[in-house]
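The structure under discussion appears below in the form of structure tokens.
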4 protein chains.
Amino acid sequence: MALKVAIIGGSGYTGAEILRLLSGHPQLQVNFISAERHAGQKVVELYPHLNSLTDLVYEKYELGQVKKRAEVCFVCLPHGKSMETVPELVAEGLITVDLSGDFRLPDGESYQKWYGFNHACPELLGRAAYGLPELFAQDIKEAEFIANPGCFPTAVLLAVAPLLSSDVIEPGALVVNALTGVSGAGHKPKLETMYCQVSENMSAYKIGGRHQHIPEMEYYLSQIAGKKIGISFTPYLVPAKRGILASIQAKLKDSYLEEDLWQLYQKYYQNQVFITILRQGIPQTASVTGSNLCQIGLAVDARLGQVTVIAALDNLIKGASGQAIQNANIKLGWPEEMGLLEGSYFP
Amino acid sequence: MALKVAIIGGSGYTGAEILRLLSGHPQLQVNFISAERHAGQKVVELYPHLNSLTDLVYEKYELGQVKKRAEVCFVCLPHGKSMETVPELVAEGLITVDLSGDFRLPDGESYQKWYGFNHACPELLGRAAYGLPELFAQDIKEAEFIANPGCFPTAVLLAVAPLLSSDVIEPGALVVNALTGVSGAGHKPKLETMYCQVSENMSAYKIGGRHQHIPEMEYYLSQIAGKKIGISFTPYLVPAKRGILASIQAKLKDSYLEEDLWQLYQKYYQNQVFITILRQGIPQTASVTGSNLCQIGLAVDARLGQVTVIAALDNLIKGASGQAIQNANIKLGWPEEMGLLEGSYFP
Amino acid sequence: MALKVAIIGGSGYTGAEILRLLSGHPQLQVNFISAERHAGQKVVELYPHLNSLTDLVYEKYELGQVKKRAEVCFVCLPHGKSMETVPELVAEGLITVDLSGDFRLPDGESYQKWYGFNHACPELLGRAAYGLPELFAQDIKEAEFIANPGCFPTAVLLAVAPLLSSDVIEPGALVVNALTGVSGAGHKPKLETMYCQVSENMSAYKIGGRHQHIPEMEYYLSQIAGKKIGISFTPYLVPAKRGILASIQAKLKDSYLEEDLWQLYQKYYQNQVFITILRQGIPQTASVTGSNLCQIGLAVDARLGQVTVIAALDNLIKGASGQAIQNANIKLGWPEEMGLLEGSYFP
Amino acid sequence: MALKVAIIGGSGYTGAEILRLLSGHPQLQVNFISAERHAGQKVVELYPHLNSLTDLVYEKYELGQVKKRAEVCFVCLPHGKSMETVPELVAEGLITVDLSGDFRLPDGESYQKWYGFNHACPELLGRAAYGLPELFAQDIKEAEFIANPGCFPTAVLLAVAPLLSSDVIEPGALVVNALTGVSGAGHKPKLETMYCQVSENMSAYKIGGRHQHIPEMEYYLSQIAGKKIGISFTPYLVPAKRGILASIQAKLKDSYLEEDLWQLYQKYYQNQVFITILRQGIPQTASVTGSNLCQIGLAVDARLGQVTVIAALDNLIKGASGQAIQNANIKLGWPEEMGLLEGSYFP
């Protein structure tokens, strides 16, 4: 019999996407969904595309209800709100995957500096696994709860990990550029995400080391490399609803061929069902949209001794809701791909 | 054990979509895919989004191969080509669904007039079922093979059938307007479907009764109504990859309330798994994209005694490949929704 | 020396567009722009594309300031707000063009019924000219002030006027369908106009005779026809920032050829600089975007005795700000095209 | 009296854009436009948006005609074709601006290596000015003819020149990332630029040092720096018709403040009418689309000692046709901004 799921803070895109993805999961069934402002409304009023999949009604969050009606919790609250709710779910022994940034960084000061708030329960920071299964599967199985990675960090960590763990690139800041679709900015109406502002426009934002995903990337990359890694990070907003396309440019220590590096990546990710290393062609978001896949490609500029790695994923699936389900599967001892094998849609 | 499927003429969007959809079908498995110009190429070279789903290679069409390797055929050849291949598949007793327009019209003259070619085998025209399952399920079970409807006719027939079968509207031409996404124009590069021509543009085409879907709509609507029905049809191309949004405006014979008509539609489609009649809200393509659903809504303008019906569907699924699979399911005696219950994706 | 212009309620798209267009006008110069919520902010903070064109700062509206600093006023306030401000501008003898709907309808009851508010000064309703220059130029010269038409009515009236004034179509409701870009819904963030809601989506809205532009279209069409005209109107929102594409379907009284009707239109608009009647091809919004042009095309369906007329315009220019300037030009006795001859941009 | 202009190879976007822009130029008038495949067709058949601006008909190229009918030539032929025609125009003493890449590189070997062809007249390579007016105005005035820069190089050179000429960054490869709109790939139908391939997709291309604009950027940057400069360049295609958004990441030699660098840029470009250095905000393409402007912004990441510079321009105007006219203006001794002061359009 399927386990029951609560989605907490479910009025945004990630909540709707968990609901959609779990409609095809054989062992997890959504039984509770909360959204303070929308309590009493049917989910399909906000998300008419779910018409054929759900009759659920948004409710107000209440711990008692969640305990009674769910064994697994996906927390989709905004940054700064999640840390108020996650502790009590964990304390009750519920399987908890937090999609916010609230438990991804190692210490309270980092939150002060990058998110601008005092962390409400810094003592819990060390007790979450960082839920990037291809890199930290053992932690996910063992930790008390799971901090689901950000969309940019998922793409960047997956793209860079093989280089750092093999020590083939020069020390010094990695240069990372990443394009994101608009859904990453959330479901609430804002001027910056209006159709007329975004369509046919390209913009950069939070340039000069101001994006809150930087410490998350640097912390986990440093773990992988076994030394301190810095990232010069430039994010862009482009006219697309979904998708992350991240590129990493780095100086090679030696004159590697593309084939060498391709072998390195292939081996590093050899049994990973959701990672594809392209031998020909270059990843594009249209090839992964709708799926939990991450495609990675690379090229060597022999003239300069530089490597460029490109990773593409769907920010709402591998970059959020799909990965959250993958984490829950692992935590529950199931195959990580359970309910997540749907392919990409195109066009 | 699953039956084996051949996709003939599979390099276009409908072929790729059948391949994608059947990857989730428990009883049908694609075993052969042909494409003359692309023979020898892997499907994923043309459609990298199928990367995780298929290793198939395009082959040249050959009847012997098809017979040997498949029991069910989906023919995705262009109009005018299909009629050369379908007869031999039918003669071999293969379950055949033809997605072209070549067997939808009742007689050879109609092809001369609307498609501009002499039909190669007019004797087969009466032997195909018109594959709109919600209206002609019995025919589909019984006929020798299936002519899958056009995307516009699917939307329009589903939207109008309840009105015509209940005789609630005045005689006289129905006014039909329908917006389509770009994928309806096919996968081959043309000036009209280039990004720079389509993005941020709205255009009408084949106005003044020139679209080849008109005789198809008029013929089957006349069957439903039991009298001759004419359609004044205006199609539009809008900046979207997928979707049909069709509206029908007609004069009511009497002063019906919206509620009356809603009941009429509800009853007409009461057990239809893929039809949703909206009581509130108006259909939009984003609510059905990615699914085999057709959403229908309506409103009455009491001032003028007019009814407006709106239907939305995904032109590549309910308007083509999904419906083709639904037809095959019916023909094979299986539940029509087998492998087709995936919900819509959004955003 | 140039006359000075005040833009009242200038934080929306129409205000920004008047500012942009007037930067190329030899006789009008913007000297005051108000926006209550943005008072104190530079215009370029809200509209960085105006960077090279203006240094203006939004101010709070004050009649004394407007009198002192402007001779010509463009009022871009929302419906229901404009009627509070226009009367005092008119009383001061300022040349006033109101872009809202507040003075387009003939009587107070119509506002009650279609806009849902009591009109604040119904006595002024008969004293405004309806600012559609191609049809009502004399009124515009003579009336006390100008009510600038809505974007849909501009397209529909221009498309239908020649048919109605020549009595070539059957009585009975005209069927009008019109696609609009997103900018028509304004600059304020709303869920319906977010990128993720609009991109790749097609929707209809206010179907069944609920759009507030209906009485405006019916009133002026009836004036042109010399008898009561009803309109069955269906508007659609499509993924485009700018543009209106309107179609009219009507039954012809006689068997006219396309050439006959083309001559009729050509003659009706023979000296109109902003109207193009296409002899070949069908209007599309990309051909008029960025200009004050309206393109009109037509086709006859001889089978059904129906005519389809298509009109395309830029909703922010010919459908709003450009037409407002054209009206001011006429009122001031200048050539109507002054400052408005910029062509369309593409792609 | 205006000088007469010939556009050679005018069926693409850059030819159409020169035609549109020159319709507002007081001293240049297009009198001849050639396009081999379209000879005999009216320009408006291909570009209906030019309906109100031109009656020109495409002709076949013939030197005699050009000499007789024009004093100024804009050559919009493809790379590899231009070098066959430009020499005879120059020999005739016609003012010639070549928009192709055929005369931008310093020597024949570079063409062999990066463009893959033998240059037809390497002896002319040193006699063209590189037409980037903000950096090479004197050359433009003096040289025999003008090689108009590529769209990427225009953005990148303008963004980096102040840093290199002031020696504030560390030696070593500059990391350059640049997003481009689809019109850069030209007007001819190709699979990669179809709407269904591009919309909602993000992709990188020619990664690993394979883009033909690299030698152009490196050569002129090296000239500015007075030493050899290498560029690690990653281009992206995003769903937009127009626009280049380029970013440069580099290591600073010292701990500069943003304010210092802002002053440096401000001073470097102090009298340049088409360059805007943003003190607040970050450049976006929507702020320059439709204009000949280049907006530049920057940020310092003090943690890493890195600077990020962002430049935005319209690839068809400042990146091609507008800059070509700017070059002709300079060559003719006129103000460089003549006919080019139109602002950006938005939304």
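Letters A, B, ... mark the chains of the structure tokens in the order given; residue numbers begin at 1 per chain; ligand numbers begin at 1, in order shown.
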Counting only C-alpha atoms, which residues of chain A come no farther than 6 Å from chain B, as a count of residues only?
4
Neighbouring residues of Leu163 in chain D were defined as those with any atom within 9 Å, considering only C-alpha atoms; residues of the same chain fewer than 2 positions away were excluded. Please report them as a ChimeraX atom specification.
/D:159-161,165-169,225,261,264-265
Kindly save the residues from that selection, with all heavy atoms included, as a compact mmCIF listing (two decimals), in the first residue's frame.
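Printed below is out-v9.txt as written:
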```txt
# COMPACT_ATOMS: atom_id res chain seq x y z
N ALA D 159 32.76 46.27 -24.41
CA ALA D 159 32.73 45.96 -22.98
C ALA D 159 34.12 45.87 -22.37
O ALA D 159 34.32 46.21 -21.21
CB ALA D 159 31.97 44.65 -22.75
N VAL D 160 35.09 45.42 -23.14
CA VAL D 160 36.40 45.12 -22.56
C VAL D 160 37.43 46.23 -22.79
O VAL D 160 38.38 46.39 -22.01
CB VAL D 160 36.94 43.78 -23.13
CG1 VAL D 160 38.29 43.45 -22.52
CG2 VAL D 160 35.98 42.65 -22.85
N ALA D 161 37.26 47.02 -23.84
CA ALA D 161 38.30 48.00 -24.20
C ALA D 161 38.77 48.87 -23.03
O ALA D 161 39.98 49.02 -22.83
CB ALA D 161 37.81 48.87 -25.37
N SER D 165 42.73 48.90 -21.96
CA SER D 165 43.55 50.08 -22.25
C SER D 165 44.05 50.71 -20.95
O SER D 165 44.94 51.55 -20.98
CB SER D 165 42.76 51.08 -23.09
OG SER D 165 41.64 51.50 -22.38
N SER D 166 43.50 50.30 -19.82
CA SER D 166 43.95 50.85 -18.53
C SER D 166 44.78 49.86 -17.73
O SER D 166 45.19 50.14 -16.62
CB SER D 166 42.75 51.25 -17.68
OG SER D 166 41.92 52.11 -18.39
N ASP D 167 44.90 48.66 -18.25
CA ASP D 167 45.76 47.66 -17.62
C ASP D 167 45.34 47.34 -16.19
O ASP D 167 46.17 47.23 -15.29
CB ASP D 167 47.21 48.18 -17.64
CG ASP D 167 48.19 47.04 -17.38
OD1 ASP D 167 47.90 45.90 -17.78
OD2 ASP D 167 49.25 47.33 -16.79
N VAL D 168 44.04 47.18 -15.95
CA VAL D 168 43.58 46.87 -14.58
C VAL D 168 43.31 45.40 -14.35
O VAL D 168 43.01 45.00 -13.23
CB VAL D 168 42.32 47.69 -14.21
CG1 VAL D 168 42.62 49.18 -14.23
CG2 VAL D 168 41.16 47.36 -15.13
N ILE D 169 43.38 44.58 -15.43
CA ILE D 169 43.10 43.16 -15.21
C ILE D 169 44.33 42.30 -15.44
O ILE D 169 45.25 42.65 -16.16
CB ILE D 169 41.92 42.65 -16.08
CG1 ILE D 169 42.16 42.95 -17.57
CG2 ILE D 169 40.61 43.27 -15.62
CD1 ILE D 169 41.10 42.38 -18.49
N ALA D 225 45.05 46.39 -26.26
CA ALA D 225 45.85 46.12 -25.07
C ALA D 225 47.34 46.34 -25.31
O ALA D 225 48.12 46.53 -24.37
CB ALA D 225 45.63 44.67 -24.62
N LEU D 261 35.82 51.69 -11.31
CA LEU D 261 35.71 51.17 -12.66
C LEU D 261 34.62 51.90 -13.44
O LEU D 261 34.74 52.16 -14.63
CB LEU D 261 35.43 49.67 -12.62
CG LEU D 261 36.55 48.85 -11.98
CD1 LEU D 261 36.16 47.37 -11.91
CD2 LEU D 261 37.87 49.01 -12.73
N LEU D 264 36.14 54.93 -14.72
CA LEU D 264 37.01 54.58 -15.84
C LEU D 264 36.22 54.43 -17.14
O LEU D 264 36.59 54.98 -18.19
CB LEU D 264 37.71 53.25 -15.50
CG LEU D 264 38.54 52.56 -16.58
CD1 LEU D 264 39.79 53.37 -16.88
CD2 LEU D 264 38.93 51.14 -16.13
N TYR D 265 35.12 53.70 -17.06
CA TYR D 265 34.27 53.50 -18.25
C TYR D 265 33.62 54.80 -18.69
O TYR D 265 33.57 55.12 -19.88
CB TYR D 265 33.18 52.45 -17.96
CG TYR D 265 33.64 51.04 -18.22
CD1 TYR D 265 34.54 50.41 -17.37
CD2 TYR D 265 33.20 50.33 -19.33
CE1 TYR D 265 34.98 49.11 -17.60
CE2 TYR D 265 33.62 49.04 -19.58
CZ TYR D 265 34.51 48.43 -18.72
OH TYR D 265 34.94 47.15 -18.97
```
Write down as a PyMOL selection string the residues of range 137-245 of chain C whose backbone DSSP state falls under alpha helix (DSSP H).
chain C and resi 137-142+151-166+195-198+214-225
How about saving the chosen residues, C-alpha atoms kept, as a PDB file, in the first residue's frame?
```pdb
ATOM      1  CA  ALA C 137     -12.388  63.347 -38.382  1.00  0.00           C
ATOM      2  CA  GLN C 138     -14.855  66.235 -38.454  1.00  0.00           C
ATOM      3  CA  ASP C 139     -16.105  65.524 -34.918  1.00  0.00           C
ATOM      4  CA  ILE C 140     -12.534  65.393 -33.672  1.00  0.00           C
ATOM      5  CA  LYS C 141     -11.831  68.867 -35.043  1.00  0.00           C
ATOM      6  CA  GLU C 142     -14.966  70.317 -33.512  1.00  0.00           C
ATOM      7  CA  CYS C 151      -7.872  48.820 -29.215  1.00  0.00           C
ATOM      8  CA  PHE C 152     -10.446  46.181 -30.209  1.00  0.00           C
ATOM      9  CA  PRO C 153     -12.986  48.776 -31.411  1.00  0.00           C
ATOM     10  CA  THR C 154     -10.345  50.521 -33.523  1.00  0.00           C
ATOM     11  CA  ALA C 155      -9.587  47.300 -35.378  1.00  0.00           C
ATOM     12  CA  VAL C 156     -13.185  46.163 -35.680  1.00  0.00           C
ATOM     13  CA  LEU C 157     -14.679  49.500 -36.714  1.00  0.00           C
ATOM     14  CA  LEU C 158     -12.025  50.054 -39.362  1.00  0.00           C
ATOM     15  CA  ALA C 159     -12.572  46.519 -40.663  1.00  0.00           C
ATOM     16  CA  VAL C 160     -16.358  46.662 -40.822  1.00  0.00           C
ATOM     17  CA  ALA C 161     -17.197  50.285 -41.669  1.00  0.00           C
ATOM     18  CA  PRO C 162     -16.941  49.894 -45.467  1.00  0.00           C
ATOM     19  CA  LEU C 163     -19.276  46.888 -45.420  1.00  0.00           C
ATOM     20  CA  LEU C 164     -21.879  48.602 -43.283  1.00  0.00           C
ATOM     21  CA  SER C 165     -21.839  51.915 -45.067  1.00  0.00           C
ATOM     22  CA  SER C 166     -22.400  50.135 -48.391  1.00  0.00           C
ATOM     23  CA  TYR C 195       5.328  34.925 -18.383  1.00  0.00           C
ATOM     24  CA  CYS C 196       4.694  31.386 -17.134  1.00  0.00           C
ATOM     25  CA  GLN C 197       0.940  31.752 -17.586  1.00  0.00           C
ATOM     26  CA  VAL C 198       1.047  33.271 -21.048  1.00  0.00           C
ATOM     27  CA  ILE C 214     -18.953  45.511 -27.060  1.00  0.00           C
ATOM     28  CA  PRO C 215     -21.241  48.522 -26.443  1.00  0.00           C
ATOM     29  CA  GLU C 216     -18.581  50.828 -27.877  1.00  0.00           C
ATOM     30  CA  MET C 217     -18.360  48.751 -31.058  1.00  0.00           C
ATOM     31  CA  GLU C 218     -22.108  48.368 -31.371  1.00  0.00           C
ATOM     32  CA  TYR C 219     -22.823  52.065 -30.806  1.00  0.00           C
ATOM     33  CA  TYR C 220     -20.442  53.391 -33.432  1.00  0.00           C
ATOM     34  CA  LEU C 221     -21.147  50.609 -35.936  1.00  0.00           C
ATOM     35  CA  SER C 222     -24.840  51.426 -35.595  1.00  0.00           C
ATOM     36  CA  GLN C 223     -24.051  55.074 -36.313  1.00  0.00           C
ATOM     37  CA  ILE C 224     -22.180  54.085 -39.449  1.00  0.00           C
ATOM     38  CA  ALA C 225     -24.840  51.621 -40.594  1.00  0.00           C
TER      39      ALA C 225
END
```
Using only C-alpha atoms, pick whichever of A:Asn148, A:Ser247, A:Gln65, A:Gln41 has the shortest atom-to-atom distance to Phe136 in chain A.
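Among A:Asn148, A:Ser247, A:Gln65, A:Gln41, it is A:Asn148 that comes nearest to Phe136 in chain A.
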Write out as an mmCIF file with N, CA and C atoms, in the first residue's frame each polymer residue whose atoms come within 8 Å of Ser203 in chain C, counting only C-alpha atoms; drop sequence neighbours fewer than 2 positions from it.
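selection.cif written:
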```
data_model
loop_
_atom_site.group_PDB
_atom_site.id
_atom_site.type_symbol
_atom_site.label_atom_id
_atom_site.label_comp_id
_atom_site.auth_asym_id
_atom_site.auth_seq_id
_atom_site.Cartn_x
_atom_site.Cartn_y
_atom_site.Cartn_z
ATOM 1 N N LEU B 245 -6.987 25.913 -30.029
ATOM 2 C CA LEU B 245 -8.088 26.532 -29.290
ATOM 3 C C LEU B 245 -9.137 26.906 -30.320
ATOM 4 N N ILE B 282 -12.718 29.017 -18.489
ATOM 5 C CA ILE B 282 -12.754 28.862 -19.943
ATOM 6 C C ILE B 282 -11.551 28.026 -20.335
ATOM 7 N N PRO B 283 -11.715 27.080 -21.238
ATOM 8 C CA PRO B 283 -10.577 26.229 -21.612
ATOM 9 C C PRO B 283 -9.393 27.045 -22.127
ATOM 10 N N GLN B 284 -8.208 26.586 -21.811
ATOM 11 C CA GLN B 284 -7.003 27.185 -22.375
ATOM 12 C C GLN B 284 -6.066 26.039 -22.731
ATOM 13 N N THR B 285 -5.213 26.262 -23.719
ATOM 14 C CA THR B 285 -4.391 25.138 -24.167
ATOM 15 C C THR B 285 -3.407 24.678 -23.102
ATOM 16 N N ASN C 201 0.710 29.471 -24.337
ATOM 17 C CA ASN C 201 -0.692 29.260 -23.978
ATOM 18 C C ASN C 201 -1.598 30.059 -24.913
ATOM 19 N N TYR C 205 -11.340 34.806 -23.305
ATOM 20 C CA TYR C 205 -11.805 35.400 -22.049
ATOM 21 C C TYR C 205 -13.032 36.269 -22.299
ATOM 22 N N TYR C 236 -9.389 36.728 -27.479
ATOM 23 C CA TYR C 236 -8.397 35.715 -27.102
ATOM 24 C C TYR C 236 -7.112 36.398 -26.648
ATOM 25 N N LEU C 237 -6.465 35.791 -25.692
ATOM 26 C CA LEU C 237 -5.131 36.252 -25.288
ATOM 27 C C LEU C 237 -4.102 35.270 -25.843
ATOM 28 N N VAL C 238 -3.116 35.793 -26.567
ATOM 29 C CA VAL C 238 -2.089 34.911 -27.141
ATOM 30 C C VAL C 238 -0.703 35.398 -26.713
#
```
